[in-house]
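Structure file query_34.cif with mmCIF, C-alpha atoms:
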data_final
#
loop_
_atom_site.group_PDB
_atom_site.id
_atom_site.type_symbol
_atom_site.label_atom_id
_atom_site.label_comp_id
_atom_site.auth_asym_id
_atom_site.auth_seq_id
_atom_site.Cartn_x
_atom_site.Cartn_y
_atom_site.Cartn_z
ATOM 1 C CA MET A 29 109.928 194.569 2.627
ATOM 2 C CA ASN A 30 110.042 194.092 -1.126
ATOM 3 C CA LYS A 31 113.794 193.397 -1.068
ATOM 4 C CA LYS A 32 113.356 191.029 1.855
ATOM 5 C CA MET A 33 110.597 189.067 0.130
ATOM 6 C CA VAL A 34 112.627 188.617 -3.057
ATOM 7 C CA THR A 35 115.524 187.336 -0.932
ATOM 8 C CA ILE A 36 113.261 184.769 0.739
ATOM 9 C CA ILE A 37 111.851 183.528 -2.568
ATOM 10 C CA ALA A 38 115.346 183.244 -4.046
ATOM 11 C CA ALA A 39 116.582 181.378 -0.983
ATOM 12 C CA LEU A 40 113.719 178.908 -1.176
ATOM 13 C CA ALA A 41 114.364 178.298 -4.859
ATOM 14 C CA MET A 42 118.053 177.698 -4.143
ATOM 15 C CA CYS A 43 117.267 175.351 -1.268
ATOM 16 C CA THR A 44 114.920 173.373 -3.493
ATOM 17 C CA ALA A 45 117.574 173.023 -6.184
ATOM 18 C CA MET A 46 120.318 172.084 -3.720
ATOM 19 C CA ALA A 47 118.095 169.513 -2.066
ATOM 20 C CA GLY A 48 117.452 167.864 -5.424
ATOM 21 C CA CYS A 49 113.698 168.164 -5.207
ATOM 22 C CA THR A 50 112.174 164.987 -6.623
ATOM 23 C CA GLY A 51 108.581 166.143 -6.630
ATOM 24 C CA SER A 52 106.994 167.125 -9.908
ATOM 25 C CA TYR A 53 104.233 169.623 -10.441
ATOM 26 C CA THR A 54 101.270 167.855 -11.999
ATOM 27 C CA ALA A 55 99.390 170.909 -13.240
ATOM 28 C CA SER A 56 100.065 171.690 -16.873
ATOM 29 C CA SER A 57 101.117 175.214 -17.796
ATOM 30 C CA SER A 58 99.667 174.778 -21.259
ATOM 31 C CA LYS A 59 96.164 176.094 -21.912
ATOM 32 C CA ALA A 60 95.707 173.446 -24.578
ATOM 33 C CA GLU A 61 96.006 170.652 -22.028
ATOM 34 C CA THR A 62 93.341 171.820 -19.568
ATOM 35 C CA THR A 63 90.819 169.059 -18.878
ATOM 36 C CA THR A 64 87.920 168.402 -16.537
ATOM 37 C CA THR A 65 86.238 165.349 -15.121
ATOM 38 C CA THR A 66 82.843 167.055 -15.086
ATOM 39 C CA THR A 67 81.638 170.456 -16.236
ATOM 40 C CA ALA A 68 79.165 172.923 -14.754
ATOM 41 C CA ALA A 69 76.618 174.846 -16.808
ATOM 42 C CA ALA A 70 78.302 177.626 -18.751
ATOM 43 C CA GLU A 71 75.959 180.270 -17.438
ATOM 44 C CA SER A 72 76.605 179.371 -13.792
ATOM 45 C CA THR A 73 78.766 181.782 -11.808
ATOM 46 C CA ALA A 74 79.769 179.102 -9.290
ATOM 47 C CA PRO A 75 80.009 175.312 -9.292
ATOM 48 C CA ALA A 76 77.057 173.374 -7.982
ATOM 49 C CA GLU A 77 77.421 171.511 -4.698
ATOM 50 C CA SER A 78 79.213 168.202 -4.997
ATOM 51 C CA THR A 79 76.910 165.186 -5.301
ATOM 52 C CA GLU A 80 79.472 162.627 -4.205
ATOM 53 C CA ASP A 81 78.561 160.660 -1.113
ATOM 54 C CA GLU A 82 80.274 161.259 2.210
ATOM 55 C CA SER A 83 82.339 158.085 2.071
ATOM 56 C CA THR A 84 83.807 159.075 -1.294
ATOM 57 C CA ALA A 85 84.550 162.568 -0.043
ATOM 58 C CA ASP A 86 86.266 161.254 3.070
ATOM 59 C CA GLU A 87 88.276 158.796 1.020
ATOM 60 C CA SER A 88 89.522 161.459 -1.376
ATOM 61 C CA THR A 89 90.444 163.754 1.495
ATOM 62 C CA ALA A 90 92.349 161.069 3.356
ATOM 63 C CA ASP A 91 94.349 159.962 0.333
ATOM 64 C CA SER A 92 95.003 162.719 -2.188
ATOM 65 C CA THR A 93 97.116 160.349 -4.274
ATOM 66 C CA SER A 94 94.248 157.944 -4.863
ATOM 67 C CA THR A 95 93.437 157.227 -8.491
ATOM 68 C CA ASN A 96 89.756 157.566 -7.535
ATOM 69 C CA ALA A 97 89.949 160.980 -5.909
ATOM 70 C CA GLY A 98 86.400 162.060 -6.738
ATOM 71 C CA THR A 99 85.080 164.596 -9.191
ATOM 72 C CA THR A 100 84.523 168.326 -9.285
ATOM 73 C CA ASP A 101 81.925 170.623 -10.824
ATOM 74 C CA TYR A 102 84.588 173.234 -11.576
ATOM 75 C CA ASP A 103 84.399 174.530 -15.135
ATOM 76 C CA VAL A 104 87.734 175.753 -16.477
ATOM 77 C CA ASP A 105 85.856 177.878 -19.040
ATOM 78 C CA GLY A 106 83.240 179.168 -16.611
ATOM 79 C CA ASP A 107 83.031 182.376 -14.598
ATOM 80 C CA PHE A 108 83.689 180.988 -11.125
ATOM 81 C CA ARG A 109 87.248 181.218 -9.802
ATOM 82 C CA ALA A 110 88.200 179.589 -6.518
ATOM 83 C CA PHE A 111 90.846 182.268 -5.980
ATOM 84 C CA GLU A 112 88.192 184.994 -5.989
ATOM 85 C CA GLN A 113 86.299 183.091 -3.303
ATOM 86 C CA LEU A 114 89.493 182.774 -1.262
ATOM 87 C CA LYS A 115 90.227 186.461 -1.774
ATOM 88 C CA ASP A 116 86.767 187.528 -0.609
ATOM 89 C CA LYS A 117 87.242 185.562 2.608
ATOM 90 C CA TYR A 118 90.861 186.294 3.533
ATOM 91 C CA GLU A 119 92.377 189.212 1.632
ATOM 92 C CA GLY A 120 93.693 191.798 4.097
ATOM 93 C CA ASN A 121 93.162 189.605 7.161
ATOM 94 C CA TYR A 122 94.769 186.184 7.340
ATOM 95 C CA LEU A 123 97.388 183.961 8.946
ATOM 96 C CA ALA A 124 98.786 181.197 6.763
ATOM 97 C CA ASN A 125 101.329 178.484 7.524
ATOM 98 C CA LEU A 126 103.068 176.950 4.515
ATOM 99 C CA THR A 127 105.683 174.245 4.034
ATOM 100 C CA GLY A 128 108.185 174.257 1.193
ATOM 101 C CA GLN A 129 108.304 171.020 -0.780
ATOM 102 C CA MET A 130 111.858 169.670 -0.574
ATOM 103 C CA SER A 131 113.283 166.178 -0.587
ATOM 104 C CA ASN A 132 115.420 166.544 2.557
ATOM 105 C CA ASN A 133 113.448 168.911 4.753
ATOM 106 C CA GLY A 134 110.514 171.293 4.641
ATOM 107 C CA THR A 135 111.047 175.012 4.977
ATOM 108 C CA LYS A 136 108.347 176.510 7.179
ATOM 109 C CA TYR A 137 106.878 179.798 6.063
ATOM 110 C CA THR A 138 104.365 181.925 7.990
ATOM 111 C CA ILE A 139 102.501 184.974 6.716
ATOM 112 C CA CYS A 140 100.226 187.237 8.736
ATOM 113 C CA ILE A 141 98.483 190.237 7.146
ATOM 114 C CA LYS A 142 96.016 192.717 8.646
ATOM 115 C CA ASP A 143 95.173 196.426 8.260
ATOM 116 C CA GLY A 144 98.345 197.290 6.351
ATOM 117 C CA LYS A 145 100.533 195.425 8.842
ATOM 118 C CA ALA A 146 102.524 192.302 8.077
ATOM 119 C CA TYR A 147 104.550 189.492 9.619
ATOM 120 C CA GLN A 148 106.576 186.994 7.620
ATOM 121 C CA ALA A 149 108.738 184.220 9.035
ATOM 122 C CA LEU A 150 111.050 181.677 7.442
ATOM 123 C CA THR A 151 112.350 178.610 9.272
ATOM 124 C CA VAL A 152 115.024 176.507 7.569
ATOM 125 C CA GLN A 153 116.443 173.496 9.426
ATOM 126 C CA GLY A 154 115.247 174.930 12.715
ATOM 127 C CA MET A 155 116.748 178.391 12.109
ATOM 128 C CA LYS A 156 114.034 181.042 12.197
ATOM 129 C CA SER A 157 114.155 184.598 10.910
ATOM 130 C CA TYR A 158 111.255 186.983 10.566
ATOM 131 C CA THR A 159 110.283 190.490 9.539
ATOM 132 C CA VAL A 160 107.558 192.582 11.138
ATOM 133 C CA CYS A 161 105.894 195.592 9.564
ATOM 134 C CA PRO A 162 103.797 196.889 12.516
ATOM 135 C CA GLY A 163 102.651 200.107 10.892
ATOM 136 C CA ASP A 164 104.947 202.456 12.809
ATOM 137 C CA GLY A 165 107.042 203.411 9.796
ATOM 138 C CA LYS A 166 109.692 200.773 10.478
ATOM 139 C CA LEU A 167 110.576 197.243 9.388
ATOM 140 C CA TYR A 168 112.025 194.945 12.025
ATOM 141 C CA ASN A 169 114.231 192.119 10.694
ATOM 142 C CA VAL A 170 114.993 189.542 13.373
ATOM 143 C CA SER A 171 117.172 186.427 13.313
ATOM 144 C CA GLU A 172 116.602 184.006 16.154
ATOM 145 C CA GLY A 173 119.543 181.901 15.006
ATOM 146 C CA THR A 174 122.096 184.698 15.398
ATOM 147 C CA THR A 175 120.052 186.677 17.977
ATOM 148 C CA THR A 176 120.502 189.825 15.904
ATOM 149 C CA TYR A 177 118.145 192.386 14.404
ATOM 150 C CA SER A 178 118.075 195.349 12.053
ATOM 151 C CA ILE A 179 115.566 198.141 11.528
ATOM 152 C CA GLU A 180 114.707 199.749 8.194
ATOM 153 C CA ASP A 181 112.352 202.513 7.121
ATOM 154 C CA ASP A 182 108.914 201.566 5.823
ATOM 155 C CA ASP A 183 107.193 203.742 3.235
ATOM 156 C CA GLY A 184 103.772 202.401 4.191
ATOM 157 C CA ASN A 185 103.393 200.036 1.253
ATOM 158 C CA GLN A 186 106.062 197.460 2.020
ATOM 159 C CA TRP A 187 103.570 195.098 3.686
ATOM 160 C CA LYS A 188 102.196 194.239 0.223
ATOM 161 C CA SER A 189 105.402 192.387 -0.615
ATOM 162 C CA ALA A 190 104.878 190.115 2.376
ATOM 163 C CA ASP A 191 101.398 189.244 1.149
ATOM 164 C CA ILE A 192 102.494 186.357 -1.030
ATOM 165 C CA LEU A 193 98.963 184.993 -1.432
ATOM 166 C CA PHE A 194 97.303 188.157 -2.715
ATOM 167 C CA GLY A 195 99.763 191.051 -2.930
ATOM 168 C CA ALA A 196 101.462 190.126 -6.217
ATOM 169 C CA THR A 197 98.586 188.440 -8.044
ATOM 170 C CA LEU A 198 97.338 190.044 -11.251
ATOM 171 C CA ASP A 199 95.038 188.691 -13.953
ATOM 172 C CA PHE A 200 93.768 185.132 -14.366
ATOM 173 C CA ASP A 201 95.503 183.164 -17.127
ATOM 174 C CA HIS A 202 94.002 179.678 -17.216
ATOM 175 C CA ALA A 203 92.891 176.737 -15.083
ATOM 176 C CA TYR A 204 93.684 173.047 -15.101
ATOM 177 C CA ILE A 205 92.127 170.118 -13.224
ATOM 178 C CA ASP A 206 94.260 167.191 -12.136
ATOM 179 C CA THR A 207 91.731 164.383 -12.408
ATOM 180 C CA THR A 208 93.998 161.999 -10.495
ATOM 181 C CA THR A 209 94.040 164.067 -7.297
ATOM 182 C CA ASN A 210 90.907 166.171 -7.932
ATOM 183 C CA VAL A 211 92.886 169.376 -7.475
ATOM 184 C CA VAL A 212 91.933 172.531 -9.357
ATOM 185 C CA HIS A 213 94.959 174.601 -10.397
ATOM 186 C CA GLU A 214 94.380 178.267 -11.247
ATOM 187 C CA TYR A 215 97.202 180.200 -12.932
ATOM 188 C CA TYR A 216 97.599 183.975 -12.419
ATOM 189 C CA ASN A 217 100.254 186.369 -13.666
ATOM 190 C CA LEU A 218 102.568 187.973 -11.109
ATOM 191 C CA ASP A 219 103.041 191.689 -10.536
ATOM 192 C CA SER A 220 106.803 191.986 -11.003
ATOM 193 C CA SER A 221 106.903 195.292 -9.114
ATOM 194 C CA VAL A 222 105.870 193.360 -5.994
ATOM 195 C CA SER A 223 107.292 189.867 -6.579
ATOM 196 C CA GLY A 224 110.628 191.092 -7.915
ATOM 197 C CA GLY A 225 110.392 189.182 -11.181
ATOM 198 C CA GLU A 226 108.096 188.071 -13.995
ATOM 199 C CA GLY A 227 106.227 184.807 -13.732
ATOM 200 C CA GLN A 228 103.048 183.172 -12.521
ATOM 201 C CA ILE A 229 101.528 182.075 -9.232
ATOM 202 C CA VAL A 230 99.482 178.879 -9.238
ATOM 203 C CA TYR A 231 96.854 178.122 -6.615
ATOM 204 C CA GLY A 232 95.880 174.493 -6.026
ATOM 205 C CA PHE A 233 92.382 173.979 -4.603
ATOM 206 C CA ASP A 234 90.558 170.900 -3.397
ATOM 207 C CA GLY A 235 88.088 170.136 -6.188
ATOM 208 C CA ALA A 236 85.250 169.373 -3.781
ATOM 209 C CA THR A 237 85.654 172.022 -1.066
ATOM 210 C CA TYR A 238 87.804 174.650 -2.865
ATOM 211 C CA ASP A 239 90.062 174.860 0.178
ATOM 212 C CA LEU A 240 93.552 176.090 -0.724
ATOM 213 C CA LYS A 241 96.014 173.186 -0.721
ATOM 214 C CA GLN A 242 99.085 174.365 -2.618
ATOM 215 C CA VAL A 243 100.790 177.515 -3.887
ATOM 216 C CA VAL A 244 103.442 177.429 -6.622
ATOM 217 C CA LEU A 245 105.645 180.269 -7.895
ATOM 218 C CA LEU A 246 106.721 179.797 -11.510
ATOM 219 C CA PRO A 247 109.531 182.154 -12.598
ATOM 220 C CA GLU A 248 109.289 183.480 -16.154
ATOM 221 C CA GLY A 249 111.280 181.407 -18.634
ATOM 222 C CA ALA A 250 111.937 178.560 -16.195
ATOM 223 C CA ASP A 251 110.491 175.066 -16.367
ATOM 224 C CA GLU A 252 108.358 173.728 -13.555
ATOM 225 C CA SER A 253 111.316 171.935 -11.948
ATOM 226 C CA SER A 254 112.607 175.406 -11.028
ATOM 227 C CA ALA A 255 109.361 176.442 -9.361
ATOM 228 C CA VAL A 256 108.962 177.230 -5.659
ATOM 229 C CA TYR A 257 106.382 174.924 -4.095
ATOM 230 C CA PHE A 258 104.376 175.315 -0.891
ATOM 231 C CA THR A 259 101.720 173.165 0.689
ATOM 232 C CA VAL A 260 99.193 175.050 2.805
ATOM 233 C CA ASP A 261 99.210 173.614 6.325
ATOM 234 C CA SER A 262 96.640 175.983 7.793
ATOM 235 C CA MET A 263 94.857 179.239 7.065
ATOM 236 C CA GLY A 264 92.692 181.474 9.234
ATOM 237 C CA GLU A 265 92.256 184.990 10.535
ATOM 238 C CA ALA A 266 95.254 187.141 11.448
ATOM 239 C CA ASP A 267 96.913 186.921 14.872
ATOM 240 C CA ASP A 268 97.342 190.479 16.186
ATOM 241 C CA SER A 269 100.147 189.431 18.532
ATOM 242 C CA LEU A 270 102.422 188.722 15.548
ATOM 243 C CA LEU A 271 101.906 192.231 14.182
ATOM 244 C CA ALA A 272 103.186 194.141 17.203
ATOM 245 C CA VAL A 273 106.643 195.709 17.525
ATOM 246 C CA PRO A 274 108.854 192.755 18.567
ATOM 247 C CA ASP A 275 110.626 192.590 21.909
ATOM 248 C CA LEU A 276 114.295 192.989 20.979
ATOM 249 C CA SER A 277 115.751 193.108 24.472
ATOM 250 C CA ALA A 278 117.534 189.777 24.020
ATOM 251 C CA TYR A 279 118.908 190.627 20.579
ATOM 252 C CA THR A 280 121.931 192.554 19.288
ATOM 253 C CA LYS A 281 121.548 195.218 16.662
ATOM 254 C CA GLU A 282 123.474 194.567 13.461
#
Could you write out this file's structure as structure tokens?
Amino acid sequence: MNKKMVTIIAALAMCTAMAGCTGSYTASSSKAETTTTTTAAAESTAPAESTEDESTADESTADSTSTNAGTTDYDVDGDFRAFEQLKDKYEGNYLANLTGQMSNNGTKYTICIKDGKAYQALTVQGMKSYTVCPGDGKLYNVSEGTTTYSIEDDDGNQWKSADILFGATLDFDHAYIDTTTNVVHEYYNLDSSVSGGEGQIVYGFDGATYDLKQVVLLPEGADESSAVYFTVDSMGEADDSLLAVPDLSAYTKE
């Protein structure tokens, strides 16, 4: 599934460029520019609970573009990392729905991971294709648009390439807080043997709740306008039904 995942990432990057993406990534990639609105005690291993009142919290949640988006106790120089909290909760068992950030339309991307099995789906302008790694030694590539499928061998480790949230993430690099939107951005280096290329993955977390809001792939040597952007629409436990061998009775083998 490694080759398939690289193809999907490349396709998303191309779609973003062709669509003339007008969005800009607000998190700085420079360590020197990391700033905070508040800081937690240096010896603390996790931020203290937010002291903002409920009305402020609701307001910042409802309008993430507000100039008064609230504050966070996240310490960019501290020991707590929101990604580690996310990893403890979901690594190896999750279903995530993402949307690519494009000016004309949003590419829908679904990932389901559990027990060494994987499902990944890409929907572009209503055309859906997906790959299933059900743990039977095979990879099933299915195109609903062309009603075709192909089957490849699986060496037992290919599911890691589908795990875009955790499978290619290496060491922490730095963190940045966007004080305008109260989003904490954590930068991690990518494992090129999984992702197919050098670069970084950036996780954007709500500064008050530390819920994952955005994922950005930054290719090595490229500026942030060439990045692949996703907003996180939903995230929860894996759906076993997606991880089964697909019914191919209505499809033609390539």
Can you build me a table of stretch 164-260 of chain A residues sitting at most 9 Å from stretch 138-141 of chain A, with the closest atom pair per residue and its distance in Å to one decimal, using all atoms listed in the file, sorted by chain and residue number, as a tab-separated table?
residue	atom	partner	partner_atom	distance
A:Trp187	CA	A:Ile141	CA	7.8
A:Lys188	CA	A:Ile141	CA	8.8
A:Ala190	CA	A:Ile139	CA	7.1
A:Asp191	CA	A:Ile141	CA	6.7
A:Ile192	CA	A:Ile139	CA	7.9
A:Leu193	CA	A:Ile139	CA	8.9
Practice item. Select, from A:Ala124, A:Cys161, A:Val273, A:Ala203, the residue with the minimum atom-to-atom distance to A:Gln186, counting all atoms listed in the file. Key: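 Among the listed residues, A:Cys161 lies closest to A:Gln186.
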- For this file, the PyMOL selection byres ((chain A and resi 159) around 12) selects which residues, as a ChimeraX atom specification? /A:29-33,36,137-140,145-150,156-158,160-162,166-172,177-180,182,186-187,189-190,270-274
Which neighbours of stretch 116-121 of chain A fall inside 6 Å, counting all atoms listed in the file, when residues of the same chain fewer than 4 positions from it are skipped, and could you give them as a PDB file with C-alpha atoms, in the coordinates of the input?
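See result_25.pdb below for the written result:
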ATOM      1  CA  ILE A 141      98.483 190.237   7.146  1.00  0.00           C
ATOM      2  CA  LYS A 142      96.016 192.717   8.646  1.00  0.00           C
ATOM      3  CA  GLU A 265      92.256 184.990  10.535  1.00  0.00           C
ATOM      4  CA  ALA A 266      95.254 187.141  11.448  1.00  0.00           C
TER       5      ALA A 266
END
Please evaluate the PyMOL selection byres ((chain A and resi 234) around 12) against the structure above and give the resulting residues as a PyMOL selection string. chain A and resi 78+85+88-89+92+97-102+110-111+205-214+231-233+235-242+260
message = Applying 8 Å and all atoms listed in the file, which residues near A:Phe200 remain after dropping the ones on its own chain fewer than 5 positions away? List them as a ChimeraX atom specification.
response = /A:214-217
